[in-house]
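Data block for coords.tsv (TSV, C-alpha atoms):
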chain	number	residue	atom	x	y	z
A	172	MET	CA	68.08	-15.38	-73.09
A	173	LEU	CA	64.45	-15.93	-72.36
A	174	ALA	CA	65.31	-16.20	-68.70
A	175	ASP	CA	66.93	-12.79	-68.83
A	176	ILE	CA	63.93	-11.17	-70.47
A	177	LEU	CA	61.61	-12.80	-67.96
A	178	PHE	CA	63.82	-11.72	-65.09
A	179	VAL	CA	63.75	-8.12	-66.25
A	180	LEU	CA	59.99	-8.23	-66.74
A	181	PHE	CA	59.35	-9.75	-63.34
A	182	ALA	CA	61.74	-7.33	-61.68
A	183	ALA	CA	60.00	-4.40	-63.33
A	184	GLY	CA	56.64	-5.74	-62.19
A	185	ILE	CA	57.88	-6.17	-58.64
A	186	LEU	CA	59.24	-2.66	-58.45
A	187	ALA	CA	56.17	-1.18	-60.09
A	188	GLY	CA	53.94	-2.92	-57.57
A	189	ALA	CA	56.10	-1.76	-54.68
A	190	GLY	CA	56.00	1.77	-56.02
A	191	LEU	CA	52.22	1.60	-56.16
A	192	VAL	CA	52.09	0.40	-52.57
A	193	ILE	CA	54.09	3.28	-51.20
A	194	ALA	CA	52.82	6.06	-53.41
A	195	ALA	CA	49.13	5.41	-53.88
A	196	ARG	CA	46.71	7.68	-52.13
A	197	ASN	CA	43.90	5.16	-52.05
A	198	PRO	CA	44.73	2.13	-49.88
A	199	MET	CA	42.83	-0.13	-52.25
A	200	VAL	CA	45.30	0.76	-54.99
A	201	SER	CA	48.09	-0.01	-52.55
A	202	VAL	CA	46.71	-3.49	-51.95
A	203	LEU	CA	46.40	-4.05	-55.68
A	204	GLY	CA	50.00	-2.95	-56.09
A	205	MET	CA	50.97	-5.43	-53.42
A	206	MET	CA	49.16	-8.16	-55.32
A	207	LEU	CA	51.06	-7.18	-58.45
A	208	THR	CA	54.33	-7.38	-56.54
A	209	PHE	CA	53.55	-10.80	-55.19
A	210	VAL	CA	52.40	-12.27	-58.47
A	211	ASN	CA	55.55	-11.08	-60.18
A	212	ALA	CA	57.63	-12.36	-57.29
A	213	ALA	CA	55.92	-15.73	-57.69
A	214	GLY	CA	56.89	-15.68	-61.33
A	215	LEU	CA	60.45	-14.91	-60.32
A	216	PHE	CA	60.40	-17.81	-57.88
A	217	ILE	CA	59.26	-20.14	-60.64
A	218	LEU	CA	62.06	-18.80	-62.79
A	219	LEU	CA	64.47	-19.66	-59.97
A	220	GLN	CA	63.16	-23.22	-60.02
A	221	ALA	CA	61.29	-22.90	-56.73
A	222	GLU	CA	57.93	-23.75	-58.19
A	223	PHE	CA	56.28	-24.89	-55.00
A	224	LEU	CA	57.21	-21.72	-53.20
A	225	GLY	CA	56.05	-19.60	-56.12
A	226	LEU	CA	52.62	-21.15	-56.20
A	227	LEU	CA	52.49	-21.07	-52.42
A	228	LEU	CA	53.19	-17.35	-52.61
A	229	ILE	CA	50.22	-16.85	-54.90
A	230	MET	CA	47.95	-18.97	-52.75
A	231	VAL	CA	48.99	-17.62	-49.37
A	232	TYR	CA	50.01	-14.05	-50.05
A	233	VAL	CA	47.71	-13.01	-52.85
A	234	GLY	CA	44.93	-15.44	-52.07
A	235	ALA	CA	44.79	-15.01	-48.33
A	236	ILE	CA	46.85	-12.10	-47.07
A	237	ALA	CA	45.97	-9.51	-49.70
A	238	VAL	CA	42.33	-10.57	-49.49
A	239	MET	CA	42.52	-10.12	-45.72
A	240	PHE	CA	43.86	-6.63	-46.30
A	241	LEU	CA	41.00	-5.93	-48.65
A	242	PHE	CA	38.46	-7.17	-46.14
A	243	VAL	CA	39.86	-4.98	-43.40
A	244	LEU	CA	39.96	-2.01	-45.75
A	245	MET	CA	36.39	-2.60	-46.74
A	246	THR	CA	35.11	-2.75	-43.19
A	247	ILE	CA	36.90	0.26	-41.80
A	248	ASP	CA	36.23	3.75	-42.97
A	249	ILE	CA	39.46	5.48	-43.84
A	250	ASP	CA	39.82	9.15	-44.41
A	251	PHE	CA	42.34	9.31	-47.22
A	252	ASP	CA	43.47	12.87	-46.98
A	253	THR	CA	44.62	13.08	-43.41
A	254	LEU	CA	46.70	9.97	-43.72
A	255	LYS	CA	49.14	11.32	-46.25
A	256	GLU	CA	50.16	14.40	-44.37
A	257	GLY	CA	53.01	14.80	-42.01
A	258	PHE	CA	55.72	13.02	-43.89
A	259	ALA	CA	57.49	16.11	-45.25
A	260	PRO	CA	59.73	16.81	-42.22
A	261	TYR	CA	61.02	13.25	-42.22
A	262	LEU	CA	61.28	12.67	-45.93
A	263	PRO	CA	64.83	14.00	-46.56
A	264	PHE	CA	66.29	12.07	-43.67
A	265	GLY	CA	64.39	8.97	-44.68
A	266	LEU	CA	65.57	9.22	-48.25
A	267	VAL	CA	69.16	9.75	-47.21
A	268	ALA	CA	69.08	6.79	-44.84
A	269	ALA	CA	67.38	4.59	-47.39
A	270	GLY	CA	69.81	5.67	-50.08
A	271	GLY	CA	72.74	4.86	-47.84
A	272	LEU	CA	71.33	1.45	-47.05
A	273	LEU	CA	70.70	0.82	-50.73
A	274	ALA	CA	74.23	1.79	-51.61
A	275	LEU	CA	75.65	-0.55	-48.98
A	276	LEU	CA	73.48	-3.45	-50.08
A	277	VAL	CA	74.18	-2.94	-53.76
A	278	MET	CA	77.90	-2.80	-53.09
A	279	ALA	CA	77.63	-6.02	-51.15
A	280	GLY	CA	75.55	-7.60	-53.84
A	281	LEU	CA	77.75	-6.67	-56.75
A	282	SER	CA	80.97	-7.83	-55.20
A	283	GLY	CA	82.16	-11.41	-55.48
A	284	GLY	CA	79.23	-12.88	-57.30
A	285	MET	CA	78.57	-16.59	-57.44
A	286	PRO	CA	78.79	-18.33	-60.78
A	287	SER	CA	75.69	-19.27	-62.69
A	288	PRO	CA	73.97	-22.30	-61.30
A	289	ALA	CA	74.97	-25.67	-62.69
A	290	THR	CA	71.76	-27.19	-63.91
A	291	ASN	CA	71.52	-30.67	-62.54
A	292	PRO	CA	69.49	-32.74	-65.00
A	293	ASP	CA	68.70	-35.55	-62.60
A	294	ALA	CA	67.75	-33.32	-59.70
A	295	PRO	CA	64.42	-34.25	-58.16
A	296	ASP	CA	61.40	-32.04	-58.52
A	297	ASN	CA	61.31	-29.01	-56.33
A	298	ILE	CA	58.46	-30.25	-54.22
A	299	ILE	CA	60.08	-33.66	-53.75
A	300	ALA	CA	63.33	-32.05	-52.71
A	301	LEU	CA	61.49	-29.77	-50.29
A	302	GLY	CA	59.55	-32.65	-48.85
A	303	ARG	CA	62.66	-34.71	-48.32
A	304	VAL	CA	64.21	-31.98	-46.23
A	305	LEU	CA	61.14	-30.53	-44.57
A	306	PHE	CA	59.76	-33.71	-43.08
A	307	THR	CA	63.03	-35.21	-41.92
A	308	ASP	CA	65.54	-32.60	-40.86
A	309	TYR	CA	63.08	-29.81	-40.21
A	310	ALA	CA	60.14	-31.76	-38.92
A	311	LEU	CA	60.17	-30.01	-35.55
A	312	PRO	CA	60.16	-26.47	-37.01
A	313	PHE	CA	57.38	-27.63	-39.32
A	314	GLN	CA	55.22	-28.61	-36.37
A	315	LEU	CA	56.14	-25.43	-34.55
A	316	ALA	CA	55.07	-23.43	-37.58
A	317	GLY	CA	51.71	-25.14	-37.29
A	318	LEU	CA	51.58	-24.10	-33.66
A	319	VAL	CA	52.37	-20.52	-34.66
A	320	LEU	CA	49.49	-20.53	-37.07
A	321	LEU	CA	47.18	-21.97	-34.43
A	322	THR	CA	48.22	-19.25	-32.01
A	323	ALA	CA	47.61	-16.59	-34.63
A	324	MET	CA	44.17	-17.96	-35.40
A	325	VAL	CA	43.12	-18.20	-31.77
A	326	GLY	CA	44.60	-14.80	-31.05
A	327	ALA	CA	42.81	-13.09	-33.88
A	328	ILE	CA	39.49	-14.57	-32.83
A	329	VAL	CA	39.99	-13.76	-29.17
A	330	LEU	CA	40.96	-10.19	-29.98
A	331	THR	CA	38.09	-9.31	-32.22
A	332	HIS	CA	35.24	-11.48	-31.03
A	333	ARG	CA	32.47	-9.37	-29.64
A	334	GLY	CA	30.75	-11.64	-27.15
A	335	GLY	CA	28.66	-9.20	-25.15
A	336	GLY	CA	25.68	-7.36	-26.47
A	337	ARG	CA	24.02	-10.41	-27.92
A	338	SER	CA	22.00	-12.56	-25.59
A	339	VAL	CA	22.32	-16.18	-26.46
A	340	ARG	CA	19.94	-18.07	-24.30
A	341	ARG	CA	20.80	-21.39	-22.84
A	342	GLN	CA	19.37	-23.59	-20.16
A	343	ASP	CA	20.09	-23.09	-16.50
A	344	ILE	CA	19.61	-26.59	-15.17
A	345	GLY	CA	19.81	-25.59	-11.52
A	346	ALA	CA	17.05	-23.08	-11.91
A	347	GLN	CA	14.99	-25.59	-13.79
A	348	ILE	CA	15.28	-28.13	-10.99
A	349	MET	CA	14.57	-25.63	-8.27
A	350	ARG	CA	11.42	-24.44	-9.96
A	351	GLU	CA	8.52	-24.38	-7.58
A	352	LYS	CA	4.97	-25.27	-8.20
A	353	ALA	CA	3.95	-21.72	-7.55
A	354	ASP	CA	6.16	-20.52	-10.39
A	355	ALA	CA	4.72	-22.94	-12.86
A	356	VAL	CA	1.10	-23.64	-12.11
A	357	THR	CA	-1.79	-21.41	-11.21
A	358	ILE	CA	-5.10	-22.92	-10.25
A	359	THR	CA	-7.90	-20.86	-11.69
A	360	LYS	CA	-11.56	-21.39	-11.45
A	361	PRO	CA	-13.01	-19.97	-14.63
A	362	LYS	CA	-16.67	-19.45	-14.97
A	363	ILE	CA	-18.41	-21.71	-17.38
A	364	GLY	CA	-18.38	-20.08	-20.75
A	365	ALA	CA	-16.07	-17.29	-19.64
A	366	GLY	CA	-12.66	-18.80	-20.32
A	367	VAL	CA	-9.42	-17.83	-18.70
A	368	THR	CA	-9.26	-14.07	-18.38
A	369	PRO	CA	-6.15	-12.01	-17.67
A	370	GLU	CA	-7.08	-11.36	-14.04
A	371	HIS	CA	-6.90	-15.07	-13.38
A	372	TRP	CA	-3.85	-16.03	-15.33
A	373	SER	CA	-1.03	-14.63	-17.40
A	374	PRO	CA	1.84	-16.50	-18.94
A	375	LYS	CA	4.88	-16.97	-16.77
A	376	PRO	CA	8.06	-15.41	-18.11
A	377	VAL	CA	10.77	-17.84	-19.16
A	378	GLU	CA	13.67	-15.80	-17.78
A	379	LYS	CA	13.53	-17.75	-14.58
A	380	THR	CA	14.75	-20.96	-16.12
A	381	THR	CA	17.09	-19.68	-18.80
A	382	LYS	CA	20.03	-17.41	-18.60
A	383	SER	CA	21.51	-15.33	-21.31
A	384	ARG	CA	25.17	-15.80	-21.97
A	385	GLY	CA	26.96	-12.48	-22.21
B	199	MET	CA	73.18	-5.20	-71.50
B	200	PHE	CA	73.83	-8.52	-69.86
B	201	TYR	CA	73.79	-12.00	-71.16
B	202	THR	CA	72.94	-14.00	-68.16
B	203	VAL	CA	71.32	-13.28	-64.86
B	204	THR	CA	73.75	-13.74	-62.03
B	205	LEU	CA	73.26	-13.63	-58.33
B	206	SER	CA	74.34	-9.99	-58.27
B	207	HIS	CA	71.35	-8.89	-60.29
B	208	LEU	CA	69.04	-10.67	-57.93
B	209	LEU	CA	70.71	-9.21	-54.87
B	210	VAL	CA	70.44	-5.72	-56.31
B	211	LEU	CA	66.75	-6.32	-56.95
B	212	THR	CA	66.09	-7.56	-53.45
B	213	SER	CA	68.01	-4.73	-51.82
B	214	LEU	CA	66.07	-2.26	-53.94
B	215	LEU	CA	62.83	-3.87	-52.85
B	216	LEU	CA	63.88	-3.76	-49.20
B	217	VAL	CA	64.72	-0.09	-49.44
B	218	VAL	CA	61.47	0.67	-51.26
B	219	GLY	CA	59.60	-0.96	-48.40
B	220	LEU	CA	61.61	1.06	-45.89
B	221	VAL	CA	60.89	4.31	-47.72
B	222	GLY	CA	57.24	3.31	-47.78
B	223	ILE	CA	57.24	3.08	-44.02
B	224	VAL	CA	58.78	6.52	-43.79
B	225	LEU	CA	56.30	7.98	-46.26
B	226	ASN	CA	53.19	6.40	-44.77
B	227	ARG	CA	53.93	7.10	-41.18
B	228	ARG	CA	50.34	7.66	-40.18
B	229	ASN	CA	48.60	4.83	-42.00
B	230	ILE	CA	48.90	1.54	-40.14
B	231	ILE	CA	47.70	-0.52	-43.09
B	232	ALA	CA	50.27	0.94	-45.45
B	233	ILE	CA	52.97	0.24	-42.86
B	234	LEU	CA	51.85	-3.39	-42.64
B	235	MET	CA	51.98	-3.65	-46.41
B	236	CYS	CA	55.48	-2.20	-46.51
B	237	VAL	CA	56.59	-4.71	-43.87
B	238	GLU	CA	55.22	-7.45	-46.11
B	239	ILE	CA	57.22	-6.06	-49.00
B	240	MET	CA	60.39	-6.14	-46.91
B	241	LEU	CA	59.67	-9.74	-45.91
B	242	LEU	CA	59.19	-10.56	-49.57
B	243	ALA	CA	62.57	-9.01	-50.31
B	244	THR	CA	64.31	-11.24	-47.79
B	245	THR	CA	62.39	-14.28	-49.02
B	246	LEU	CA	63.44	-13.52	-52.58
B	247	ASN	CA	66.99	-13.17	-51.37
B	248	LEU	CA	66.95	-16.54	-49.66
B	249	VAL	CA	65.37	-18.35	-52.57
B	250	GLY	CA	67.74	-16.77	-55.07
B	251	ILE	CA	70.79	-17.73	-53.08
B	252	SER	CA	69.48	-21.25	-52.62
B	253	HIS	CA	69.04	-21.50	-56.36
B	254	PHE	CA	72.54	-20.36	-57.05
B	255	ARG	CA	73.97	-22.69	-54.45
B	256	GLY	CA	72.02	-25.64	-55.76
B	257	ASP	CA	70.37	-26.75	-52.54
B	258	VAL	CA	66.93	-26.28	-51.10
B	259	LEU	CA	67.60	-24.92	-47.62
B	260	GLY	CA	66.83	-21.33	-48.55
B	261	GLN	CA	63.42	-22.42	-49.74
B	262	VAL	CA	62.78	-24.23	-46.47
B	263	PHE	CA	63.55	-21.09	-44.55
B	264	SER	CA	61.39	-19.06	-46.90
B	265	PHE	CA	58.57	-21.49	-46.19
B	266	PHE	CA	58.79	-20.61	-42.51
B	267	ILE	CA	59.09	-16.91	-43.23
B	268	LEU	CA	55.86	-17.18	-45.22
B	269	THR	CA	54.14	-18.92	-42.33
B	270	VAL	CA	55.25	-16.39	-39.76
B	271	ALA	CA	54.39	-13.47	-42.03
B	272	ALA	CA	50.87	-14.79	-42.48
B	273	ALA	CA	50.43	-15.31	-38.74
B	274	GLU	CA	51.83	-11.89	-37.89
B	275	LEU	CA	49.61	-10.25	-40.43
B	276	ALA	CA	46.51	-11.94	-39.05
B	277	ILE	CA	47.22	-10.64	-35.58
B	278	GLY	CA	48.25	-7.24	-36.93
B	279	LEU	CA	45.02	-6.79	-38.83
B	280	ALA	CA	43.03	-7.93	-35.80
B	281	ILE	CA	44.78	-5.23	-33.81
B	282	VAL	CA	44.05	-2.69	-36.56
B	283	THR	CA	40.38	-3.67	-36.47
B	284	LEU	CA	40.27	-3.21	-32.71
B	285	PHE	CA	42.12	0.08	-33.02
B	286	PHE	CA	39.63	1.35	-35.51
B	287	ARG	CA	36.76	0.10	-33.40
B	288	ASN	CA	38.03	2.04	-30.42
B	289	ARG	CA	39.31	5.18	-32.09
B	290	GLY	CA	37.46	5.58	-35.34
B	291	THR	CA	40.61	6.17	-37.35
B	292	VAL	CA	43.69	4.29	-38.48
B	293	ALA	CA	46.08	7.15	-37.92
B	294	ILE	CA	48.72	5.99	-35.47
B	295	ASP	CA	48.79	9.44	-33.92
B	296	ALA	CA	45.48	8.60	-32.30
B	297	ALA	CA	47.31	6.15	-30.04
B	298	ASP	CA	48.40	8.85	-27.63
B	299	MET	CA	46.87	7.75	-24.36
B	300	MET	CA	50.27	7.33	-22.75
B	301	LYS	CA	51.55	10.63	-23.98
B	302	GLY	CA	52.97	12.78	-21.23

Go through the file and emit its structure as structure tokens.
Amino acid sequence: MLADILFVLFAAGILAGAGLVIAARNPMVSVLGMMLTFVNAAGLFILLQAEFLGLLLIMVYVGAIAVMFLFVLMTIDIDFDTLKEGFAPYLPFGLVAAGGLLALLVMAGLSGGMPSPATNPDAPDNIIALGRVLFTDYALPFQLAGLVLLTAMVGAIVLTHRGGGRSVRRQDIGAQIMREKADAVTITKPKIGAGVTPEHWSPKPVEKTTKSRG
Amino acid sequence: MFYTVTLSHLLVLTSLLLVVGLVGIVLNRRNIIAILMCVEIMLLATTLNLVGISHFRGDVLGQVFSFFILTVAAAELAIGLAIVTLFFRNRGTVAIDAADMMKG
């Protein structure tokens, strides 16, 4: 009974969040709606006895992905009004297509349902069960998933890293070795009491022995 | 109304969520970020589907697959947002209509 109430509550939260995502005018509200969807979906996962995946959803989706969305939204300057136009010609067709798809899926979902799950009292914990399968049978896809994440990280950095425009100086060893005496030392003969005046000597610029990395 | 939650209820919920995401893509055709969010909602719908079916079957394989879906969704979103950042840097707007350099 409690499970039913919780299921209805979580389902309502999920659909409310999804509705906020698609209907909000301000993208910040959309991201908050997405967070609401994911938190309720995490609750639904925990209700379905997939606790590890539920908490992982909160950590990864809400904690990282939605925050990434928020960061991108904060750094770019969006004009809200022009982004909501232009959907009217496609809306009827979209609604009809979506309604048809929904009808097909609901018909498929309502037909031939599975019985309620037999609760196994001596089943291992969810994370133990996941670990048993993930590190033995699916060890290779696990490593490949790590490679996918590495690729995504490197790709994101390579795409958005702005290297040029800042001059980071570093040593140019060849230029340092090939430095001549004339570049470095000037023999001046200052008068006694006069000091070194600008017509005798001025500091040598350092650009000759360093190079800026673009 | 009902006395116990069966798989059918869950499948109806996930199909509704999938269709809501699809309608969101249709509605927000110009806003790249809203489209990315709707794609995430559709991925969540399939993940929910997999986990629900794995629960009702009693094994854990659906959760394993959902684990990988989560990974790939995070990676895809990182690259997608990097592309959106670059797009905005070059165009000054996130409207997809601004990507018309190859238009005839």

Tell me, counting only C-alpha atoms, for each residue of chain B within 7 Å of chain A, which pair of atoms is nearest and how far apart they are in Å to one decimal, in rows ordered by chain and increasing number, as CSV.
residue,atom,partner,partner_atom,distance
B:Tyr201,CA,A:Met172,CA,6.9
B:Thr202,CA,A:Asp175,CA,6.2
B:Val203,CA,A:Asp175,CA,5.9
B:Thr204,CA,A:Ser287,CA,5.9
B:Leu205,CA,A:Gly284,CA,6.1
B:Ser206,CA,A:Leu281,CA,5.0
B:Leu209,CA,A:Gly280,CA,5.2
B:Val210,CA,A:Val277,CA,5.3
B:Leu211,CA,A:Ala182,CA,7.0
B:Ser213,CA,A:Leu276,CA,5.9
B:Leu214,CA,A:Leu273,CA,6.4
B:Leu215,CA,A:Leu186,CA,6.8
B:Val217,CA,A:Ala269,CA,5.8
B:Val218,CA,A:Ala189,CA,6.8
B:Leu220,CA,A:Ala269,CA,6.9
B:Val221,CA,A:Ala269,CA,6.5
B:Gly222,CA,A:Ile193,CA,4.6
B:Val224,CA,A:Gly265,CA,6.2
B:Leu225,CA,A:Phe258,CA,5.6
B:Asn226,CA,A:Lys255,CA,6.5
B:Arg227,CA,A:Phe258,CA,6.8
B:Arg228,CA,A:Leu254,CA,5.6
B:Asn229,CA,A:Leu254,CA,5.7
B:Gly250,CA,A:Leu219,CA,6.6
B:His253,CA,A:Leu219,CA,6.1
B:Phe254,CA,A:Pro288,CA,4.9
B:Arg255,CA,A:Pro288,CA,6.9
B:Gly256,CA,A:Pro288,CA,6.8
B:Val258,CA,A:Leu301,CA,6.5
B:Val262,CA,A:Leu305,CA,6.8
B:Phe266,CA,A:Ala316,CA,6.8
B:Thr269,CA,A:Ala316,CA,6.6
B:Ala272,CA,A:Ile236,CA,6.7
B:Ala273,CA,A:Ala323,CA,5.1
B:Ala276,CA,A:Ala327,CA,6.5
B:Ile277,CA,A:Ala327,CA,5.3
B:Ala280,CA,A:Ala327,CA,5.5
B:Leu284,CA,A:Thr331,CA,6.5
B:Phe286,CA,A:Ile247,CA,6.9
B:Thr291,CA,A:Ile249,CA,6.6
B:Val292,CA,A:Ile249,CA,6.9
B:Ala293,CA,A:Leu254,CA,6.5

Using all atoms of segment 181-188 of chain A that appear in the file, construct an axis-aligned enclosing box with 5 Å of padding on every side and provide its centre coordinates and edge lengths in Å, rounded to one decimal, as lines of an AutoDock Vina configuration file.
center_x = 57.8
center_y = -5.5
center_z = -60.5
size_x = 17.8
size_y = 18.6
size_z = 15.8

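Atom pair atom CA of His207 of chain B / atom CA of Asn247 of chain B: separated by 10.8 Å.
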
Legend entry - Non-local contacts of Phe263 of chain B (8 Å; only C-alpha atoms; under 4 positions in same chain excluded) as an MDAnalysis selection string: chainID B and resid 248 259 267

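Of note, atom CA of Gly214 of chain A and atom CA of Leu180 of chain A are spaced 9.7 Å apart.
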
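If you look at atom CA of Asn288 of chain B and atom CA of Leu241 of chain A, they are 20.1 Å away from each other.
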